[in-house]
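Peer 1: target.cif is the file, holding mmCIF, C-alpha atoms:
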```cif
data_start
#
loop_
_atom_site.label_atom_id
_atom_site.label_comp_id
_atom_site.auth_asym_id
_atom_site.auth_seq_id
_atom_site.Cartn_x
_atom_site.Cartn_y
_atom_site.Cartn_z
CA MET I 181 52.91 96.45 92.88
CA SER I 182 50.21 94.93 95.08
CA TYR I 183 46.88 96.31 96.24
CA GLU I 184 45.07 96.16 99.58
CA SER I 185 41.46 97.02 100.26
CA LYS I 186 40.75 99.91 102.63
CA ASP I 187 37.29 101.43 103.12
CA ASN I 188 36.14 99.70 99.89
CA MET I 189 38.93 101.42 97.93
CA ASP I 190 42.01 99.93 96.31
CA VAL I 191 45.15 101.36 97.90
CA GLU I 192 48.50 100.86 96.26
CA VAL I 193 51.15 99.25 98.50
CA ASP I 194 54.82 99.28 97.63
CA PRO I 195 56.65 96.21 99.02
CA ALA I 196 59.87 98.21 99.05
CA ASN I 197 58.45 100.40 101.82
CA ASP I 198 57.96 97.34 104.05
CA ILE I 199 61.62 96.35 103.55
CA ILE I 200 62.81 99.87 104.37
CA ASP I 201 60.66 99.89 107.56
CA GLU I 202 62.16 96.61 108.70
CA ASN I 203 65.68 97.90 108.06
CA ILE I 204 64.94 101.07 110.07
CA ILE I 205 63.66 98.99 112.98
CA ASP I 206 66.75 96.77 112.82
CA GLU I 207 69.11 99.75 112.71
CA TYR I 208 67.46 101.44 115.68
CA GLN I 209 67.50 98.27 117.76
CA LEU I 210 71.06 97.49 116.66
CA GLU I 211 72.17 100.97 117.70
CA TYR I 212 70.79 100.37 121.20
CA GLU I 213 72.37 96.91 121.46
CA GLU I 214 75.78 98.25 120.41
CA LEU I 215 75.53 101.05 122.97
CA ASP I 216 74.42 98.59 125.65
CA LYS I 217 77.54 96.47 125.02
CA SER I 218 79.96 99.40 124.97
CA ASP I 219 78.47 101.72 127.65
CA SER I 220 80.83 100.34 130.32
CA GLU I 221 83.71 101.96 128.40
CA LEU I 222 82.01 105.37 128.50
CA THR I 223 81.82 107.88 131.30
CA ASN I 224 78.39 108.37 132.88
CA ILE I 225 78.01 111.75 131.16
CA GLU I 226 78.82 110.27 127.73
CA ALA I 227 76.46 107.33 128.27
CA ILE I 228 73.66 109.68 129.38
CA TYR I 229 74.11 111.79 126.23
CA LYS I 230 73.95 108.78 123.91
CA TYR I 231 70.94 107.19 125.62
CA LYS I 232 69.11 110.53 125.54
CA GLN I 233 69.74 110.71 121.78
CA LEU I 234 68.17 107.27 121.37
CA LEU I 235 65.25 108.20 123.63
CA ASN I 236 64.52 111.35 121.59
CA ASN I 237 63.92 109.34 118.42
CA GLU I 238 60.60 110.34 116.83
CA ARG I 239 59.36 106.80 116.19
CA PHE I 240 56.76 105.15 118.45
CA ASP I 241 56.25 101.73 116.87
CA GLU I 242 56.43 98.58 119.00
CA VAL I 243 60.19 98.02 118.67
CA ALA I 244 60.94 101.71 119.23
CA VAL I 245 58.83 101.72 122.40
CA LYS I 246 60.78 98.72 123.72
CA VAL I 247 64.10 100.43 123.01
CA LYS I 248 62.89 103.64 124.67
CA GLU I 249 61.75 101.70 127.73
CA PHE I 250 65.25 100.24 128.13
CA CYS I 251 66.76 103.69 127.57
CA LEU I 252 64.62 105.04 130.42
CA TYR I 253 65.99 102.33 132.73
CA LYS I 254 69.57 103.05 131.67
CA LEU I 255 69.15 106.81 132.18
CA ALA I 256 67.51 106.24 135.58
CA LYS I 257 70.49 104.07 136.56
CA TYR I 258 73.07 106.68 135.49
CA TYR I 259 71.16 109.61 137.04
CA THR I 260 70.93 107.61 140.28
CA GLU I 261 74.68 106.95 140.26
CA GLU I 262 75.25 110.68 139.75
CA LYS I 263 72.77 111.48 142.59
CA GLU I 264 70.67 113.51 140.13
CA PHE I 265 67.31 112.38 141.51
CA ASP I 266 65.40 115.39 140.14
CA LEU I 267 66.45 114.30 136.65
CA VAL I 268 64.98 110.83 137.34
CA LEU I 269 61.61 112.51 137.89
CA SER I 270 62.12 114.59 134.74
CA LEU I 271 62.29 111.34 132.76
CA LEU I 272 58.60 110.91 133.51
CA LYS I 273 57.60 114.53 132.94
CA THR I 274 59.42 114.89 129.60
CA ASN I 275 58.21 111.61 128.08
CA ASN I 276 54.45 112.11 128.23
CA GLU I 277 54.23 111.45 124.48
CA LEU I 278 55.73 107.98 124.98
CA PHE I 279 53.46 107.20 127.95
CA SER I 280 50.39 108.32 126.00
CA THR I 281 51.09 105.74 123.27
CA ILE I 282 51.48 102.71 125.55
CA PRO I 283 48.95 101.00 127.88
CA LYS I 284 48.61 102.49 131.37
CA ALA I 285 49.61 99.18 132.94
CA ARG I 286 52.91 99.30 131.05
CA THR I 287 53.51 102.88 132.18
CA ALA I 288 52.92 101.72 135.76
CA LYS I 289 55.46 98.92 135.27
CA ILE I 290 58.07 101.36 133.91
CA VAL I 291 57.61 103.79 136.82
CA ARG I 292 57.80 100.97 139.39
CA ASN I 293 60.99 99.62 137.76
CA ILE I 294 62.58 103.08 137.85
CA LEU I 295 61.75 103.35 141.56
CA GLU I 296 63.28 99.89 142.10
CA ILE I 297 66.53 101.11 140.48
CA ILE I 298 66.70 103.91 143.08
CA ALA I 299 65.82 101.46 145.88
CA LYS I 300 69.08 99.57 145.24
CA ILE I 301 71.08 102.50 146.61
CA PRO I 302 71.99 102.04 150.29
CA ASP I 303 70.30 104.45 152.73
CA SER I 304 68.05 105.91 150.03
CA LEU I 305 64.77 105.63 151.95
CA SER I 306 64.20 109.39 152.31
CA ILE I 307 65.05 109.90 148.62
CA GLN I 308 62.56 107.20 147.59
CA ILE I 309 59.86 108.80 149.74
CA ARG I 310 60.45 112.23 148.22
CA LEU I 311 60.46 110.81 144.69
CA CYS I 312 57.26 108.82 145.34
CA LYS I 313 55.52 111.98 146.57
CA ASP I 314 56.65 113.83 143.42
CA VAL I 315 55.43 110.97 141.20
CA VAL I 316 52.05 111.00 142.99
CA GLU I 317 51.69 114.71 142.19
CA TRP I 318 52.65 114.03 138.56
CA CYS I 319 50.04 111.26 138.40
CA LYS I 320 47.37 113.64 139.71
CA LEU I 321 48.22 116.23 137.04
CA GLU I 322 48.18 113.57 134.30
CA LYS I 323 45.03 111.94 135.77
CA ARG I 324 46.70 108.54 136.02
CA THR I 325 44.59 107.10 138.83
CA PHE I 326 45.75 103.48 138.58
CA LEU I 327 49.42 104.44 138.69
CA ARG I 328 48.84 106.94 141.54
CA GLN I 329 47.23 104.22 143.65
CA ARG I 330 50.17 101.91 142.98
CA ILE I 331 52.71 104.56 143.96
CA GLU I 332 50.73 105.58 147.06
CA SER I 333 50.76 101.91 148.12
CA LYS I 334 54.55 101.86 147.75
CA LEU I 335 54.83 105.21 149.54
CA ALA I 336 52.87 103.83 152.52
CA HIS I 337 55.29 100.88 152.68
CA LEU I 338 58.28 103.24 152.58
CA LEU I 339 56.78 105.41 155.34
CA LEU I 340 56.39 102.23 157.41
CA LEU I 341 60.08 101.43 156.91
CA GLN I 342 60.91 105.03 157.88
CA HIS I 343 58.80 104.54 161.06
CA GLU I 344 56.45 107.36 160.06
CA LEU I 345 53.58 105.13 161.13
CA HIS I 346 50.77 107.65 161.55
CA ALA I 347 51.46 109.24 158.14
CA ALA I 348 51.49 105.75 156.60
CA LEU I 349 48.19 104.84 158.29
CA ILE I 350 46.45 108.04 157.10
CA LEU I 351 47.60 107.36 153.52
CA ILE I 352 46.51 103.70 153.66
CA ASN I 353 43.04 104.55 155.04
CA SER I 354 42.48 107.08 152.26
CA LEU I 355 43.68 104.60 149.63
CA LEU I 356 41.48 101.79 150.98
CA THR I 357 38.39 104.02 150.75
CA GLU I 358 39.08 104.46 147.01
CA LEU I 359 39.92 100.82 146.34
CA LYS I 360 36.80 99.48 148.07
CA LYS I 361 34.65 101.54 145.70
CA LEU I 362 36.56 100.14 142.71
CA ASP I 363 36.60 96.62 144.20
CA ASP I 364 40.16 96.08 142.93
CA LYS I 365 40.92 92.75 144.61
CA GLN I 366 44.60 92.69 143.66
CA MET I 367 45.30 96.11 145.13
CA LEU I 368 43.06 95.44 148.14
CA THR I 369 45.08 92.31 148.93
CA GLU I 370 48.38 94.21 148.84
CA VAL I 371 47.16 97.35 150.63
CA HIS I 372 45.41 95.47 153.45
CA LEU I 373 48.67 93.56 153.96
CA ILE I 374 50.57 96.85 154.35
CA GLU I 375 47.82 98.05 156.71
CA SER I 376 48.34 94.91 158.82
CA ARG I 377 52.08 95.61 159.04
CA ILE I 378 51.45 99.21 160.10
CA HIS I 379 49.05 98.17 162.90
CA HIS I 380 51.56 95.53 164.03
CA ALA I 381 54.28 98.18 164.19
CA LEU I 382 51.87 100.28 166.30
CA ARG I 383 51.48 97.22 168.62
CA ASN I 384 47.77 96.95 167.77
CA VAL I 385 47.58 93.19 167.16
CA PRO I 386 43.73 92.93 166.93
CA LYS I 387 43.59 95.51 164.11
CA ALA I 388 46.61 93.89 162.44
CA LYS I 389 44.75 90.55 162.46
CA ALA I 390 41.58 92.17 161.06
CA ALA I 391 43.55 93.79 158.21
CA LEU I 392 45.30 90.50 157.42
CA THR I 393 41.94 88.68 157.34
CA ALA I 394 40.64 91.32 154.89
CA SER I 395 43.76 90.82 152.76
CA ARG I 396 43.28 87.03 152.66
CA THR I 397 39.58 87.45 151.83
CA SER I 398 40.44 89.62 148.80
CA ALA I 399 43.17 87.14 147.82
CA HIS I 400 40.60 84.33 147.49
CA ALA I 401 39.09 86.07 144.44
CA ILE I 402 42.35 86.42 142.45
CA TYR I 403 45.46 84.53 141.41
CA VAL I 404 48.05 85.10 144.12
CA THR I 405 51.70 84.96 143.09
CA PRO I 406 53.98 82.71 145.19
CA ASN I 407 55.81 85.79 146.49
CA LEU I 408 52.61 87.53 147.65
CA GLN I 409 51.38 84.28 149.21
CA ALA I 410 54.69 84.06 151.08
CA GLU I 411 54.19 87.61 152.38
CA LEU I 412 50.70 86.71 153.63
CA ASP I 413 52.04 83.56 155.34
CA GLU I 414 54.93 85.49 156.89
CA MET I 415 52.55 88.10 158.35
CA SER I 416 50.30 85.33 159.71
CA GLY I 417 53.35 83.79 161.37
CA VAL I 418 54.34 87.13 162.90
CA LEU I 419 50.89 87.67 164.44
CA HIS I 420 50.66 84.11 165.79
CA CYS I 421 54.14 84.54 167.26
CA GLU I 422 53.05 87.78 168.97
CA GLU I 423 50.09 85.89 170.50
CA GLY I 424 52.34 83.11 171.82
CA ASP I 425 51.12 80.39 169.42
CA TYR I 426 54.62 79.37 168.36
CA THR I 427 53.67 76.03 166.78
CA THR I 428 51.25 77.65 164.31
CA ALA I 429 53.68 80.52 163.74
CA TYR I 430 56.43 78.02 162.87
CA SER I 431 54.15 76.37 160.26
CA TYR I 432 53.39 79.71 158.60
CA PHE I 433 57.07 80.72 158.56
CA TYR I 434 57.91 77.34 157.00
CA GLU I 435 55.38 77.95 154.20
CA ALA I 436 56.63 81.52 153.72
CA HIS I 437 60.22 80.25 153.52
CA ASP I 438 59.25 77.84 150.73
CA GLY I 439 57.52 80.62 148.80
CA TYR I 440 60.45 83.03 149.05
CA ASP I 441 62.95 80.27 148.32
CA GLN I 442 61.25 79.50 144.98
CA SER I 443 61.97 83.01 143.76
CA ASN I 444 65.40 83.26 145.47
CA ASP I 445 64.09 86.09 147.64
CA PRO I 446 66.48 87.02 150.51
CA LYS I 447 63.44 87.09 152.84
CA ALA I 448 63.75 83.28 152.94
CA LEU I 449 66.70 83.77 155.31
CA THR I 450 64.58 85.99 157.57
CA CYS I 451 61.86 83.33 157.71
CA LEU I 452 64.44 80.71 158.72
CA GLN I 453 65.53 83.02 161.56
CA TYR I 454 61.89 83.28 162.64
CA MET I 455 61.54 79.47 162.53
CA ILE I 456 64.53 79.15 164.88
CA LEU I 457 63.02 81.84 167.13
CA CYS I 458 59.74 79.89 167.34
CA LYS I 459 61.61 76.72 168.32
CA VAL I 460 63.47 78.58 171.06
CA LEU I 461 60.35 80.30 172.41
CA ASN I 462 58.45 77.00 172.35
CA ASN I 463 61.06 75.39 174.67
CA ALA I 464 62.30 73.26 171.75
CA ALA I 465 65.71 74.90 171.29
CA SER I 466 67.28 71.43 171.18
CA ASP I 467 65.56 70.93 167.77
CA VAL I 468 67.47 73.83 166.20
CA PRO I 469 70.67 71.89 165.26
CA GLY I 470 68.48 69.35 163.45
CA LEU I 471 66.63 72.16 161.63
CA LEU I 472 69.88 73.80 160.51
CA SER I 473 71.29 70.49 159.24
CA SER I 474 68.09 69.72 157.29
CA LYS I 475 67.45 70.53 153.61
CA VAL I 476 65.90 73.88 154.62
CA GLY I 477 68.76 74.96 156.88
CA LEU I 478 71.65 73.88 154.65
CA LYS I 479 70.63 76.41 151.98
CA HIS I 480 71.46 79.30 154.29
CA THR I 481 74.72 80.23 155.99
CA GLY I 482 76.16 83.42 157.41
CA VAL I 483 76.37 85.52 160.53
CA ALA I 484 72.58 85.93 160.86
CA ILE I 485 72.16 82.14 161.18
CA GLU I 486 75.13 81.85 163.55
CA ALA I 487 73.50 84.51 165.75
CA MET I 488 70.30 82.46 166.05
CA ARG I 489 72.31 79.26 166.59
CA ALA I 490 74.13 80.91 169.53
CA ILE I 491 70.81 82.10 171.01
CA ALA I 492 69.37 78.58 170.68
CA LYS I 493 72.45 77.03 172.30
CA ALA I 494 72.21 79.42 175.26
CA ALA I 495 68.51 78.59 175.64
CA THR I 496 69.22 74.83 175.51
CA GLU I 497 71.84 75.15 178.25
CA LYS I 498 69.61 77.64 180.11
CA SER I 499 72.66 79.86 180.43
CA LEU I 500 71.84 83.52 180.92
CA GLU I 501 75.53 84.38 180.66
CA LYS I 502 75.88 82.78 177.20
CA PHE I 503 72.60 84.39 176.14
CA LYS I 504 73.95 87.86 177.01
CA GLU I 505 77.26 87.10 175.27
CA ALA I 506 75.43 86.07 172.08
CA GLU I 507 73.17 89.12 172.29
CA ILE I 508 76.15 91.50 172.56
CA LYS I 509 78.23 89.71 169.91
CA TYR I 510 75.42 89.58 167.34
CA SER I 511 73.48 92.70 168.38
CA GLU I 512 73.47 94.01 164.79
CA TYR I 513 71.63 90.90 163.60
CA VAL I 514 69.20 90.30 166.47
CA ARG I 515 68.32 93.88 167.43
CA ASN I 516 67.64 95.31 163.97
CA ASP I 517 64.68 92.97 163.45
CA HIS I 518 61.64 94.11 165.43
CA LEU I 519 60.09 90.64 165.93
CA ILE I 520 63.34 88.97 167.01
CA SER I 521 64.35 91.87 169.28
CA HIS I 522 60.94 92.03 171.00
CA ASN I 523 60.77 88.27 171.60
CA LEU I 524 64.39 88.02 172.77
CA ASP I 525 63.48 90.43 175.56
CA LYS I 526 60.68 88.06 176.54
CA LEU I 527 63.09 85.11 176.35
CA HIS I 528 65.60 86.95 178.54
CA ASP I 529 62.92 87.55 181.18
CA GLN I 530 61.88 83.86 181.06
CA MET I 531 65.49 82.68 181.46
CA LEU I 532 66.09 85.15 184.31
CA GLU I 533 62.95 83.92 186.07
CA SER I 534 64.03 80.29 185.54
CA ASN I 535 67.47 81.01 187.00
CA LEU I 536 65.99 82.79 190.03
CA LEU I 537 63.63 79.85 190.66
CA LYS I 538 66.58 77.49 190.47
CA ILE I 539 68.40 79.54 193.11
CA ILE I 540 65.50 79.75 195.57
CA TYR I 541 64.23 76.19 195.01
CA PRO I 542 66.33 74.66 197.88
CA TYR I 543 64.70 77.16 200.23
CA SER I 544 61.12 76.36 199.22
CA VAL I 545 60.70 74.22 202.35
CA VAL I 546 62.13 75.61 205.58
CA GLU I 547 61.64 73.98 208.98
#
```
Just give me the structure as structure tokens.
Peer 2:
Amino acid sequence: MSYESKDNMDVEVDPANDIIDENIIDEYQLEYEELDKSDSELTNIEAIYKYKQLLNNERFDEVAVKVKEFCLYKLAKYYTEEKEFDLVLSLLKTNNELFSTIPKARTAKIVRNILEIIAKIPDSLSIQIRLCKDVVEWCKLEKRTFLRQRIESKLAHLLLLQHELHAALILINSLLTELKKLDDKQMLTEVHLIESRIHHALRNVPKAKAALTASRTSAHAIYVTPNLQAELDEMSGVLHCEEGDYTTAYSYFYEAHDGYDQSNDPKALTCLQYMILCKVLNNAASDVPGLLSSKVGLKHTGVAIEAMRAIAKAATEKSLEKFKEAEIKYSEYVRNDHLISHNLDKLHDQMLESNLLKIIYPYSVVE
């Protein structure tokens, strides 16, 4: 036997208890690992039952909490596959005891990861919005202010994607009022960026620029992750492109591409498309083949790049016919992006004007 001091008293400690505790931890973790390896052989219903059994374990030590966190992700995945989205929300409501034992930041991470699992389903935007609204209400009942603000930020972004711009703007303005009082620089950076995107979608470029400036100002006071920095650079490029400063826009898109590329984010491809667009709009379409054969361009292939290559070729040859052919052939890739679609309309008008001037030029002097 050994003794440890506690509150100036000798307390007997049995080493055997420590060994038993370690074995229990190992068994619980081992049970999860075995289930994780074999769950592909089970039906969704069977897997859900087994993961729920693990989740309902009464222990809340560090290892148990980790196992329960992974069980939550697995259950969210299976419920999502079964289209049982109400049960995804019930995972939060029925595990308050778990969330009360872990830091609030970790709870926020778990909730965000569960929402990301749902986001992987195609055409699930309306479902994500509904679930975010339900989570916000749950956060209000549980008085989880930090998490509510995070989810409201995500909800505003989803409303933007759903083109519910006025609802998104009302939510963002309310959220910004709270965050300015708290002076949360991280959240202010992210929320002002969303605000900038909303104003841009509303075609209010001055307010979009003001919001982006506010976002960059808040970013100066914190560590900015490469991905967030890339988002800021991308938005700067978008606004410069809208103002017709294509050289500066190209530079920002180049920086954004590098940031996204470091984390293998698919947005790197979008930034390359924007770089090609800037070259075309800046009457430098002849530079596009060189860009696509460079180190930056060789990393990306596919129909989206071929679409921009065809647009650039038509612009180089000043052929309105080839431009229209490319636009029709690749309409899915050039019309679904707001910035590309809007600027291609401007490019079409410029090419039409150029062609008309070419036709009437011989008649500019008549005796």
Peer 1: Applied to the shown file, which residues does the PyMOL selection byres ((chain I and resi 354-365) around 9) return, written as a ChimeraX atom specification?
Peer 2: /I:329,332-333,349-353,366-372,395,398-402
Peer 1: Export, as a CSV table (one decimal), in the frame of the given file, the selected residues with C-alpha atoms.
Peer 2:
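Contents of result-v1.csv, as written:
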```csv
chain,number,residue,atom,x,y,z
I,329,GLN,CA,47.2,104.2,143.6
I,332,GLU,CA,50.7,105.6,147.1
I,333,SER,CA,50.8,101.9,148.1
I,349,LEU,CA,48.2,104.8,158.3
I,350,ILE,CA,46.4,108.0,157.1
I,351,LEU,CA,47.6,107.4,153.5
I,352,ILE,CA,46.5,103.7,153.7
I,353,ASN,CA,43.0,104.6,155.0
I,366,GLN,CA,44.6,92.7,143.7
I,367,MET,CA,45.3,96.1,145.1
I,368,LEU,CA,43.1,95.4,148.1
I,369,THR,CA,45.1,92.3,148.9
I,370,GLU,CA,48.4,94.2,148.8
I,371,VAL,CA,47.2,97.4,150.6
I,372,HIS,CA,45.4,95.5,153.4
I,395,SER,CA,43.8,90.8,152.8
I,398,SER,CA,40.4,89.6,148.8
I,399,ALA,CA,43.2,87.1,147.8
I,400,HIS,CA,40.6,84.3,147.5
I,401,ALA,CA,39.1,86.1,144.4
I,402,ILE,CA,42.4,86.4,142.4
```
Peer 1: Please list as an mmCIF file with C-alpha atoms, keeping the file's coordinate frame every residue within 8 Å of Leu271 (chain I), counting only C-alpha atoms and excluding residues in the same chain fewer than 3 positions away.
Peer 2:
```cif
data_model
loop_
_atom_site.group_PDB
_atom_site.id
_atom_site.type_symbol
_atom_site.label_atom_id
_atom_site.label_comp_id
_atom_site.auth_asym_id
_atom_site.auth_seq_id
_atom_site.Cartn_x
_atom_site.Cartn_y
_atom_site.Cartn_z
ATOM 1 C CA LEU I 252 64.620 105.040 130.420
ATOM 2 C CA ALA I 256 67.510 106.240 135.580
ATOM 3 C CA LEU I 267 66.450 114.300 136.650
ATOM 4 C CA VAL I 268 64.980 110.830 137.340
ATOM 5 C CA THR I 274 59.420 114.890 129.600
ATOM 6 C CA ASN I 275 58.210 111.610 128.080
#
```
Peer 1: I need the residue set behind the PyMOL selection byres ((chain I and resi 374-385) around 9) for this file; please write it as an mmCIF file with C-alpha atoms, keeping the file's coordinate frame.
Peer 2:
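Result file is out.cif:
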```
data_model
loop_
_atom_site.group_PDB
_atom_site.id
_atom_site.type_symbol
_atom_site.label_atom_id
_atom_site.label_comp_id
_atom_site.auth_asym_id
_atom_site.auth_seq_id
_atom_site.Cartn_x
_atom_site.Cartn_y
_atom_site.Cartn_z
ATOM 1 C CA SER I 333 50.760 101.910 148.120
ATOM 2 C CA ALA I 336 52.870 103.830 152.520
ATOM 3 C CA HIS I 337 55.290 100.880 152.680
ATOM 4 C CA LEU I 340 56.390 102.230 157.410
ATOM 5 C CA HIS I 343 58.800 104.540 161.060
ATOM 6 C CA LEU I 345 53.580 105.130 161.130
ATOM 7 C CA HIS I 346 50.770 107.650 161.550
ATOM 8 C CA ALA I 348 51.490 105.750 156.600
ATOM 9 C CA LEU I 349 48.190 104.840 158.290
ATOM 10 C CA ILE I 352 46.510 103.700 153.660
ATOM 11 C CA ASN I 353 43.040 104.550 155.040
ATOM 12 C CA THR I 369 45.080 92.310 148.930
ATOM 13 C CA GLU I 370 48.380 94.210 148.840
ATOM 14 C CA VAL I 371 47.160 97.350 150.630
ATOM 15 C CA HIS I 372 45.410 95.470 153.450
ATOM 16 C CA LEU I 373 48.670 93.560 153.960
ATOM 17 C CA PRO I 386 43.730 92.930 166.930
ATOM 18 C CA LYS I 387 43.590 95.510 164.110
ATOM 19 C CA ALA I 388 46.610 93.890 162.440
ATOM 20 C CA LYS I 389 44.750 90.550 162.460
ATOM 21 C CA ALA I 390 41.580 92.170 161.060
ATOM 22 C CA ALA I 391 43.550 93.790 158.210
ATOM 23 C CA LEU I 392 45.300 90.500 157.420
ATOM 24 C CA SER I 395 43.760 90.820 152.760
ATOM 25 C CA MET I 415 52.550 88.100 158.350
ATOM 26 C CA VAL I 418 54.340 87.130 162.900
ATOM 27 C CA LEU I 419 50.890 87.670 164.440
ATOM 28 C CA GLU I 422 53.050 87.780 168.970
ATOM 29 C CA GLU I 423 50.090 85.890 170.500
ATOM 30 C CA HIS I 518 61.640 94.110 165.430
#
```
Peer 1: Calculate how many Å separate CA of Glu344 (chain I) from CA of Ile309 (chain I), rounding to one decimal.
Peer 2: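 CA of Ile309 (chain I) lies at a distance of 11.0 Å from CA of Glu344 (chain I).
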Peer 1: Between CA of Glu242 (chain I) and CA of Glu277 (chain I), measure the distance and give it in Å to one decimal.
Peer 2: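 Computing it gives 14.2 Å between the two atoms.
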Peer 1: Of the candidates I:Thr450, I:Leu341, I:Glu505, I:Ser270, which shows the shortest atom-to-atom distance to Thr481 (chain I), using only C-alpha atoms?
Peer 2: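 Among the listed residues, the smallest separation from Thr481 (chain I) belongs to I:Thr450.
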Peer 1: Select region 493-505 of chain I in the preceding structure and write N, CA, C and O atoms to a file as a CSV table (one decimal), in the first residue's frame.
Peer 2:
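See decode_28.csv below for the written result:
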```csv
chain,number,residue,atom,x,y,z
I,493,LYS,N,-9.4,32.1,-75.8
I,493,LYS,CA,-9.0,32.0,-77.2
I,493,LYS,C,-10.0,32.8,-78.1
I,493,LYS,O,-9.5,33.5,-79.0
I,494,ALA,N,-11.2,32.8,-77.8
I,494,ALA,CA,-12.2,33.7,-78.5
I,494,ALA,C,-11.9,35.1,-78.4
I,494,ALA,O,-11.9,35.9,-79.4
I,495,ALA,N,-11.5,35.5,-77.2
I,495,ALA,CA,-11.1,36.9,-77.0
I,495,ALA,C,-9.8,37.3,-77.7
I,495,ALA,O,-9.7,38.4,-78.2
I,496,THR,N,-8.9,36.4,-77.8
I,496,THR,CA,-7.6,36.6,-78.5
I,496,THR,C,-7.9,36.9,-80.0
I,496,THR,O,-7.3,37.8,-80.6
I,497,GLU,N,-8.7,36.0,-80.5
I,497,GLU,CA,-9.1,36.1,-81.9
I,497,GLU,C,-10.2,37.1,-82.2
I,497,GLU,O,-10.5,37.3,-83.4
I,498,LYS,N,-10.7,37.7,-81.2
I,498,LYS,CA,-11.7,38.7,-81.3
I,498,LYS,C,-12.9,38.2,-82.1
I,498,LYS,O,-13.5,38.9,-82.9
I,499,SER,N,-13.2,36.9,-81.8
I,499,SER,CA,-14.3,36.2,-82.5
I,499,SER,C,-15.5,36.1,-81.7
I,499,SER,O,-15.5,35.3,-80.7
I,500,LEU,N,-16.5,36.9,-82.0
I,500,LEU,CA,-17.8,36.9,-81.3
I,500,LEU,C,-18.5,35.5,-81.4
I,500,LEU,O,-19.1,35.0,-80.5
I,501,GLU,N,-18.3,34.9,-82.6
I,501,GLU,CA,-19.0,33.6,-82.9
I,501,GLU,C,-18.4,32.5,-82.0
I,501,GLU,O,-19.1,31.8,-81.4
I,502,LYS,N,-17.0,32.5,-81.9
I,502,LYS,CA,-16.4,31.5,-81.0
I,502,LYS,C,-16.7,31.7,-79.5
I,502,LYS,O,-16.8,30.8,-78.7
I,503,PHE,N,-16.8,33.0,-79.2
I,503,PHE,CA,-17.2,33.4,-77.8
I,503,PHE,C,-18.6,32.8,-77.5
I,503,PHE,O,-18.7,32.2,-76.4
I,504,LYS,N,-19.5,33.0,-78.4
I,504,LYS,CA,-20.9,32.5,-78.1
I,504,LYS,C,-20.9,30.9,-78.1
I,504,LYS,O,-21.6,30.3,-77.3
I,505,GLU,N,-20.1,30.3,-78.9
I,505,GLU,CA,-20.0,28.9,-79.0
I,505,GLU,C,-19.5,28.3,-77.6
I,505,GLU,O,-20.0,27.4,-77.1
```
